[in-house]
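Have a look at input32.csv; it's CSV, C-alpha atoms:
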```
chain,number,residue,atom,x,y,z
A,1,MET,CA,0.0,0.0,0.0
A,2,THR,CA,1.3,3.5,-0.9
A,3,ARG,CA,2.0,5.7,2.1
A,4,ALA,CA,-0.3,8.7,2.1
A,5,LYS,CA,1.6,11.9,2.5
A,6,PRO,CA,-0.1,13.8,5.4
A,7,THR,CA,-1.1,17.4,5.3
A,8,ILE,CA,0.5,19.6,8.0
A,9,PRO,CA,-2.9,20.3,9.6
A,10,GLU,CA,-3.7,16.5,9.8
A,11,LEU,CA,-0.3,15.9,11.3
A,12,LEU,CA,-0.7,18.6,13.9
A,13,ASP,CA,-4.0,17.2,14.9
A,14,LYS,CA,-2.5,13.8,15.4
A,15,LEU,CA,0.4,15.3,17.5
A,16,GLU,CA,-2.0,17.3,19.7
A,17,LYS,CA,-4.2,14.2,20.2
A,18,PHE,CA,-1.2,12.3,21.3
A,19,HIS,CA,0.8,14.9,23.3
A,20,GLY,CA,-2.1,17.2,24.4
A,21,LYS,CA,-2.3,21.0,24.0
A,22,GLN,CA,1.1,22.7,24.4
A,23,GLU,CA,1.9,26.1,26.0
A,24,PRO,CA,5.1,28.1,26.0
A,25,CYS,CA,7.2,27.8,29.1
A,26,TRP,CA,9.3,30.8,28.3
A,27,PRO,CA,8.5,34.6,28.4
A,28,VAL,CA,6.9,35.8,25.2
A,29,ASP,CA,8.1,39.5,25.6
A,30,PRO,CA,11.1,40.0,23.2
A,31,TYR,CA,13.4,41.5,25.8
A,32,GLU,CA,12.4,38.9,28.5
A,33,PHE,CA,12.9,36.0,26.1
A,34,ILE,CA,16.4,37.1,25.2
A,35,MET,CA,17.2,37.4,28.9
A,36,TRP,CA,15.7,34.0,29.6
A,37,TRP,CA,17.7,32.5,26.7
A,38,GLN,CA,20.9,33.6,28.4
A,39,CYS,CA,19.9,32.1,31.8
A,40,GLY,CA,20.9,28.5,30.9
A,41,TYR,CA,23.8,26.8,29.2
A,42,PRO,CA,23.6,24.6,27.4
A,43,ALA,CA,20.3,26.3,26.7
A,44,SER,CA,17.2,24.2,27.3
A,45,ASP,CA,13.8,24.9,28.7
A,46,LYS,CA,14.8,23.4,32.0
A,47,SER,CA,18.2,25.1,32.4
A,48,CYS,CA,17.0,28.5,31.3
A,49,ALA,CA,14.1,28.3,33.8
A,50,LYS,CA,16.4,27.5,36.6
A,51,GLY,CA,18.6,30.5,35.9
A,52,TRP,CA,15.6,32.7,35.1
A,53,ASP,CA,13.9,32.0,38.4
A,54,LYS,CA,16.9,32.9,40.5
A,55,LEU,CA,17.7,36.0,38.4
A,56,GLN,CA,14.2,37.2,39.0
A,57,ARG,CA,14.4,36.6,42.8
A,58,GLU,CA,17.9,37.9,43.5
A,59,VAL,CA,18.5,40.6,40.9
A,60,GLY,CA,15.4,41.4,38.9
A,61,ILE,CA,15.0,41.3,35.1
A,62,GLU,CA,14.3,44.9,34.1
A,63,PRO,CA,17.3,46.7,32.5
A,64,CYS,CA,17.6,49.0,35.5
A,65,ASP,CA,17.8,46.0,37.9
A,66,ILE,CA,20.4,44.3,35.8
A,67,LEU,CA,22.5,47.5,35.4
A,68,ALA,CA,22.4,48.2,39.1
A,69,ALA,CA,23.8,44.8,40.0
A,70,THR,CA,27.5,43.7,39.8
A,71,THR,CA,28.7,41.1,37.3
A,72,ARG,CA,29.4,38.8,40.3
A,73,GLN,CA,25.8,39.2,41.5
A,74,VAL,CA,24.3,38.4,38.1
A,75,ALA,CA,26.7,35.4,37.6
A,76,SER,CA,25.7,34.0,41.0
A,77,ALA,CA,22.1,34.2,40.1
A,78,LEU,CA,22.7,32.4,36.8
A,79,LYS,CA,24.7,29.5,38.3
A,80,PRO,CA,21.7,27.2,38.6
A,81,GLY,CA,21.3,27.4,34.8
A,82,GLY,CA,24.5,25.6,34.1
A,83,MET,CA,27.9,26.3,32.7
A,84,LEU,CA,29.7,29.6,32.1
A,85,PRO,CA,27.7,31.8,34.4
A,86,GLU,CA,30.3,34.6,34.2
A,87,LEU,CA,30.1,34.7,30.4
A,88,ARG,CA,26.3,34.6,30.5
A,89,ALA,CA,26.3,37.4,33.1
A,90,MET,CA,28.2,39.6,30.8
A,91,ARG,CA,25.8,38.8,28.0
A,92,VAL,CA,22.8,39.6,30.2
A,93,ILE,CA,24.4,42.9,31.2
A,94,GLU,CA,25.2,43.7,27.6
A,95,THR,CA,21.6,43.0,26.6
A,96,ALA,CA,20.2,45.2,29.3
A,97,MET,CA,22.5,48.0,28.3
A,98,LYS,CA,21.7,47.7,24.7
A,99,VAL,CA,17.9,47.8,25.3
A,100,GLU,CA,18.2,50.7,27.6
A,101,ASP,CA,20.6,52.8,25.5
A,102,GLN,CA,19.5,52.0,22.0
A,103,PHE,CA,15.8,51.3,22.4
A,104,GLY,CA,14.9,53.4,25.5
A,105,GLY,CA,13.9,50.3,27.4
A,106,ASP,CA,11.3,49.3,24.8
A,107,LEU,CA,12.7,46.5,22.5
A,108,ARG,CA,9.2,45.5,21.4
A,109,GLY,CA,8.6,49.0,20.0
A,110,ALA,CA,11.7,48.6,17.8
A,111,LEU,CA,10.4,45.4,16.2
A,112,THR,CA,7.2,46.8,14.6
A,113,GLY,CA,8.7,47.8,11.2
A,114,PRO,CA,9.6,45.6,8.2
A,115,LEU,CA,10.4,41.9,8.9
A,116,PHE,CA,14.0,42.2,7.7
A,117,ALA,CA,14.6,45.1,10.0
A,118,ALA,CA,13.1,43.4,13.0
A,119,ARG,CA,15.2,40.3,12.4
A,120,LYS,CA,18.3,42.5,12.0
A,121,THR,CA,17.6,44.2,15.3
A,122,LEU,CA,17.1,40.9,17.2
A,123,LYS,CA,20.3,39.4,15.7
A,124,GLN,CA,22.3,42.2,17.4
A,125,PHE,CA,21.8,40.3,20.7
A,126,PRO,CA,24.0,37.5,21.9
A,127,GLY,CA,22.9,34.0,20.9
A,128,ILE,CA,20.1,35.2,18.6
A,129,ALA,CA,20.3,34.0,15.0
A,130,ASP,CA,17.4,33.6,12.4
A,131,PRO,CA,15.6,30.8,14.2
A,132,GLY,CA,15.7,32.6,17.5
A,133,ALA,CA,14.5,35.9,15.9
A,134,ASP,CA,11.6,34.1,14.1
A,135,ARG,CA,10.6,32.5,17.4
A,136,ILE,CA,10.6,35.8,19.2
A,137,LEU,CA,8.6,37.6,16.6
A,138,LEU,CA,6.0,34.8,16.5
A,139,PHE,CA,5.5,34.3,20.2
A,140,ALA,CA,5.5,38.1,20.9
A,141,GLY,CA,2.5,38.3,18.5
A,142,ILE,CA,4.4,40.7,16.2
A,143,THR,CA,4.1,38.7,13.0
A,144,PRO,CA,2.7,35.2,12.2
A,145,ILE,CA,6.1,34.1,10.7
A,146,ALA,CA,6.6,30.4,10.0
A,147,ALA,CA,9.0,29.7,12.8
A,148,VAL,CA,10.6,26.3,13.4
A,149,PRO,CA,12.1,25.1,16.7
A,150,SER,CA,15.8,25.3,16.3
A,151,ASN,CA,16.5,22.0,18.0
A,152,THR,CA,13.8,19.9,16.2
A,153,THR,CA,14.2,20.9,12.6
A,154,GLN,CA,14.3,17.2,11.7
A,155,VAL,CA,10.6,16.5,12.6
A,156,LEU,CA,8.7,17.8,9.6
A,157,VAL,CA,11.5,16.9,7.1
A,158,ARG,CA,11.5,13.3,8.2
A,159,ILE,CA,7.8,12.9,8.2
A,160,LEU,CA,7.3,14.5,4.8
A,161,ASN,CA,10.5,13.6,2.9
A,162,GLY,CA,12.4,10.9,4.8
A,163,GLN,CA,16.0,11.2,6.0
A,164,GLU,CA,16.9,14.8,6.9
A,165,SER,CA,19.9,16.6,5.4
A,166,GLU,CA,23.2,17.0,7.2
A,167,ASN,CA,22.8,20.7,6.5
A,168,TYR,CA,21.0,22.3,9.4
A,169,PHE,CA,19.8,25.4,7.4
A,170,ALA,CA,18.5,23.2,4.6
A,171,ASN,CA,16.3,21.3,7.1
A,172,TYR,CA,15.2,24.6,8.7
A,173,ARG,CA,14.2,26.0,5.3
A,174,LYS,CA,12.3,22.9,4.3
A,175,ALA,CA,10.4,22.8,7.6
A,176,GLN,CA,9.7,26.5,7.4
A,177,GLN,CA,8.4,26.1,3.8
A,178,ALA,CA,6.1,23.3,4.8
A,179,ILE,CA,4.5,25.4,7.6
A,180,GLU,CA,4.3,28.5,5.3
A,181,ALA,CA,2.5,26.5,2.7
A,182,GLU,CA,-0.1,24.7,4.8
A,183,VAL,CA,-0.5,26.3,8.3
A,184,PRO,CA,-2.9,29.3,8.3
A,185,LYS,CA,-1.0,32.6,8.6
A,186,THR,CA,-2.2,33.5,12.1
A,187,ILE,CA,-0.3,33.8,15.4
A,188,ASP,CA,-2.4,31.1,17.1
A,189,ALA,CA,-2.1,28.5,14.3
A,190,ARG,CA,1.7,29.0,13.9
A,191,THR,CA,2.5,29.0,17.6
A,192,ARG,CA,0.5,25.8,17.9
A,193,ALA,CA,2.5,24.3,15.1
A,194,TYR,CA,5.8,25.4,16.7
A,195,LEU,CA,4.9,24.0,20.1
A,196,LEU,CA,3.7,20.6,18.9
A,197,VAL,CA,6.7,20.1,16.6
A,198,LYS,CA,9.1,21.1,19.3
A,199,HIS,CA,7.5,18.8,21.9
A,200,HIS,CA,7.3,15.9,19.4
A,201,GLY,CA,11.0,16.3,18.5
A,202,GLN,CA,12.1,16.3,22.1
A,203,GLU,CA,10.0,13.4,23.2
A,204,ILE,CA,9.6,11.1,20.2
A,205,CYS,CA,11.2,12.2,16.9
A,206,LYS,CA,14.6,12.8,18.6
A,207,ARG,CA,17.7,13.7,16.5
A,208,THR,CA,19.3,10.4,17.6
A,209,LYS,CA,17.4,7.2,18.4
A,210,PRO,CA,13.9,8.4,17.5
A,211,LYS,CA,11.1,6.4,19.1
A,212,CYS,CA,9.4,5.5,15.8
A,213,ASP,CA,7.5,2.6,17.1
A,214,GLY,CA,5.6,4.8,19.5
A,215,CYS,CA,5.0,7.7,17.1
A,216,PRO,CA,1.5,8.7,16.3
A,217,ALA,CA,2.6,9.8,12.8
A,218,SER,CA,4.5,6.6,11.8
A,219,ALA,CA,1.8,5.4,9.5
A,220,ASN,CA,2.3,8.4,7.2
A,221,CYS,CA,6.0,9.0,7.9
A,222,ALA,CA,8.5,8.8,5.0
A,223,TYR,CA,11.4,8.4,7.4
A,224,PHE,CA,9.7,5.4,9.2
A,225,ALA,CA,8.8,3.8,5.8
A,226,GLY,CA,12.4,4.1,4.8
A,227,LYS,CA,13.6,2.4,7.9
A,228,ARG,CA,11.1,-0.5,7.4
A,229,ARG,CA,12.3,-1.1,3.9
A,230,GLN,CA,15.9,-1.3,5.1
A,231,SER,CA,15.2,-3.8,7.9
```
I need this file expressed as structure tokens, please.
Amino acid sequence: MTRAKPTIPELLDKLEKFHGKQEPCWPVDPYEFIMWWQCGYPASDKSCAKGWDKLQREVGIEPCDILAATTRQVASALKPGGMLPELRAMRVIETAMKVEDQFGGDLRGALTGPLFAARKTLKQFPGIADPGADRILLFAGITPIAAVPSNTTQVLVRILNGQESENYFANYRKAQQAIEAEVPKTIDARTRAYLLVKHHGQEICKRTKPKCDGCPASANCAYFAGKRRQS
């Protein structure tokens, strides 16, 4: 029997039925997200949350709070988030200074122009490349861009096309094109897609050792079909 290629909406419905509705566990304000992202290393939801919680309690997250603290105080607050707290502290302070000095404390207000300009503004900050900029713009409700989770770019490529490329950016572009083509261009629809793909990639369709036998999309997955043919 020929494998039916799923539509993205059909796939997302399957993932939501399996995993349940997903919600972001990170701040959606652009400035706060950039701060949160520096709070853990290696960056993950869990590590960033640990550093973020202590930074909020001990220093504060507003630019004025960060700039009033010493580098040692900020680094101490970031230690629960993992490695290199001193380096991350310098990045947090740099971010606060840039937002205060260049954007008058209002980063969101600087992102309301053309998309290319908003991306360029966000990529000035430490650790923010195109995937991070897209994520910020989507979850802040600024534009319904087809953002793809940076650590699970393989999910849609595998399901739709089979084995993913070794080129990260090629996978990102293919996944982004799939979302752009089939997911309604609304904030709600595209944040839903992002969250479900992210969760599925972390729990089931992992980069290494994916749990294909327990995947709700395996019946229509090109990657799984290829594995079965090889076995």
Atom CA of A:Ile61 sits from atom CA of A:Asp29 at a separation of 11.9 Å
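A straight line drawn from atom CA of A:Met90 to atom CA of A:Arg119 is 22.5 Å long.
Here atom CA of A:Leu67 is placed at a distance of 15.8 Å from atom CA of A:Ile34.
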For A:Phe139: contacts at 9 Å, all atoms listed in the file, fewer than 2 positions along chain excluded, given as a count of residues only: 15
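Excluding A:Tyr41 itself and same-chain residues fewer than 4 positions from it, the residues having an atom within 8 Å of it are Ser47, Cys48, Gly81, Gly82, Met83 and Leu84 of chain A, counting all atoms listed in the file.
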Taking (10.6, 43.6, 27.4) in the coordinates of the supplied file, I want to know which residues reach to within 8 Å of it, counting all atoms listed in the file; could you give the answer as a list of chain:residue names? A:Asp29, A:Pro30, A:Tyr31, A:Glu32, A:Glu62, A:Gly105, A:Asp106, A:Leu107, A:Arg108
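With distances restricted to only C-alpha atoms, A:Val148 is the closest residue to A:Leu195 from A:Val148, A:Leu160, A:Lys14, A:Arg91.
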If I only have part of stretch 126-157 of chain A, can you fill in N, CA and C atoms and write it as an mmCIF file, in the coordinates of the input?
```cif
data_model
loop_
_atom_site.group_PDB
_atom_site.id
_atom_site.type_symbol
_atom_site.label_atom_id
_atom_site.label_comp_id
_atom_site.auth_asym_id
_atom_site.auth_seq_id
_atom_site.Cartn_x
_atom_site.Cartn_y
_atom_site.Cartn_z
ATOM 1 N N PRO A 126 23.248 38.717 21.836
ATOM 2 C CA PRO A 126 24.000 37.500 21.900
ATOM 3 C C PRO A 126 23.139 36.236 21.829
ATOM 4 N N GLY A 127 23.589 35.298 21.004
ATOM 5 C CA GLY A 127 22.900 34.000 20.900
ATOM 6 C C GLY A 127 21.647 34.001 20.066
ATOM 7 N N ILE A 128 21.314 35.105 19.406
ATOM 8 C CA ILE A 128 20.100 35.200 18.600
ATOM 9 C C ILE A 128 20.453 35.156 17.111
ATOM 10 N N ALA A 129 20.104 34.058 16.431
ATOM 11 C CA ALA A 129 20.300 34.000 15.000
ATOM 12 C C ALA A 129 18.856 33.939 14.362
ATOM 13 N N ASP A 130 18.749 33.589 13.094
ATOM 14 C CA ASP A 130 17.400 33.600 12.400
ATOM 15 C C ASP A 130 16.371 32.796 13.119
ATOM 16 N N PRO A 131 16.657 31.535 13.510
ATOM 17 C CA PRO A 131 15.600 30.800 14.200
ATOM 18 C C PRO A 131 15.126 31.423 15.486
ATOM 19 N N GLY A 132 16.047 31.967 16.258
ATOM 20 C CA GLY A 132 15.700 32.600 17.500
ATOM 21 C C GLY A 132 14.866 33.903 17.237
ATOM 22 N N ALA A 133 15.268 34.650 16.213
ATOM 23 C CA ALA A 133 14.500 35.900 15.900
ATOM 24 C C ALA A 133 13.120 35.550 15.425
ATOM 25 N N ASP A 134 12.981 34.502 14.608
ATOM 26 C CA ASP A 134 11.600 34.100 14.100
ATOM 27 C C ASP A 134 10.763 33.693 15.334
ATOM 28 N N ARG A 135 11.341 32.936 16.245
ATOM 29 C CA ARG A 135 10.600 32.500 17.400
ATOM 30 C C ARG A 135 10.129 33.678 18.267
ATOM 31 N N ILE A 136 10.993 34.649 18.464
ATOM 32 C CA ILE A 136 10.600 35.800 19.200
ATOM 33 C C ILE A 136 9.492 36.596 18.583
ATOM 34 N N LEU A 137 9.606 36.818 17.284
ATOM 35 C CA LEU A 137 8.600 37.600 16.600
ATOM 36 C C LEU A 137 7.239 36.903 16.563
ATOM 37 N N LEU A 138 7.252 35.566 16.465
ATOM 38 C CA LEU A 138 6.000 34.800 16.500
ATOM 39 C C LEU A 138 5.343 34.852 17.847
ATOM 40 N N PHE A 139 6.071 34.478 18.885
ATOM 41 C CA PHE A 139 5.500 34.300 20.200
ATOM 42 C C PHE A 139 5.149 35.687 20.853
ATOM 43 N N ALA A 140 5.820 36.736 20.397
ATOM 44 C CA ALA A 140 5.500 38.100 20.900
ATOM 45 C C ALA A 140 4.217 38.597 20.209
ATOM 46 N N GLY A 141 3.712 37.860 19.212
ATOM 47 C CA GLY A 141 2.500 38.300 18.500
ATOM 48 C C GLY A 141 2.774 39.434 17.543
ATOM 49 N N ILE A 142 4.030 39.589 17.116
ATOM 50 C CA ILE A 142 4.400 40.700 16.200
ATOM 51 C C ILE A 142 4.083 40.356 14.769
ATOM 52 N N THR A 143 4.372 39.120 14.372
ATOM 53 C CA THR A 143 4.100 38.700 13.000
ATOM 54 C C THR A 143 3.899 37.169 12.998
ATOM 55 N N PRO A 144 2.969 36.634 12.209
ATOM 56 C CA PRO A 144 2.700 35.200 12.200
ATOM 57 C C PRO A 144 3.742 34.473 11.270
ATOM 58 N N ILE A 145 4.997 34.654 11.543
ATOM 59 C CA ILE A 145 6.100 34.100 10.700
ATOM 60 C C ILE A 145 6.056 32.540 10.937
ATOM 61 N N ALA A 146 6.497 31.815 9.923
ATOM 62 C CA ALA A 146 6.600 30.400 10.000
ATOM 63 C C ALA A 146 7.842 29.947 10.721
ATOM 64 N N ALA A 147 7.830 30.078 12.033
ATOM 65 C CA ALA A 147 9.000 29.700 12.800
ATOM 66 C C ALA A 147 9.091 28.238 13.046
ATOM 67 N N VAL A 148 10.327 27.743 13.149
ATOM 68 C CA VAL A 148 10.600 26.300 13.400
ATOM 69 C C VAL A 148 11.486 26.190 14.586
ATOM 70 N N PRO A 149 11.192 25.264 15.495
ATOM 71 C CA PRO A 149 12.100 25.100 16.700
ATOM 72 C C PRO A 149 13.479 24.750 16.243
ATOM 73 N N SER A 150 14.441 25.466 16.789
ATOM 74 C CA SER A 150 15.800 25.300 16.300
ATOM 75 C C SER A 150 16.414 23.957 16.631
ATOM 76 N N ASN A 151 15.913 23.270 17.664
ATOM 77 C CA ASN A 151 16.500 22.000 18.000
ATOM 78 C C ASN A 151 15.674 20.780 17.543
ATOM 79 N N THR A 152 14.625 21.044 16.758
ATOM 80 C CA THR A 152 13.800 19.900 16.200
ATOM 81 C C THR A 152 13.487 20.154 14.749
ATOM 82 N N THR A 153 14.434 20.662 14.002
ATOM 83 C CA THR A 153 14.200 20.900 12.600
ATOM 84 C C THR A 153 13.972 19.620 11.798
ATOM 85 N N GLN A 154 14.369 18.485 12.384
ATOM 86 C CA GLN A 154 14.300 17.200 11.700
ATOM 87 C C GLN A 154 12.842 16.690 11.564
ATOM 88 N N VAL A 155 11.940 17.116 12.435
ATOM 89 C CA VAL A 155 10.600 16.500 12.600
ATOM 90 C C VAL A 155 9.838 16.511 11.255
ATOM 91 N N LEU A 156 9.542 17.681 10.762
ATOM 92 C CA LEU A 156 8.700 17.800 9.600
ATOM 93 C C LEU A 156 9.442 17.239 8.331
ATOM 94 N N VAL A 157 10.761 17.430 8.276
ATOM 95 C CA VAL A 157 11.500 16.900 7.100
ATOM 96 C C VAL A 157 11.454 15.417 7.078
#
```
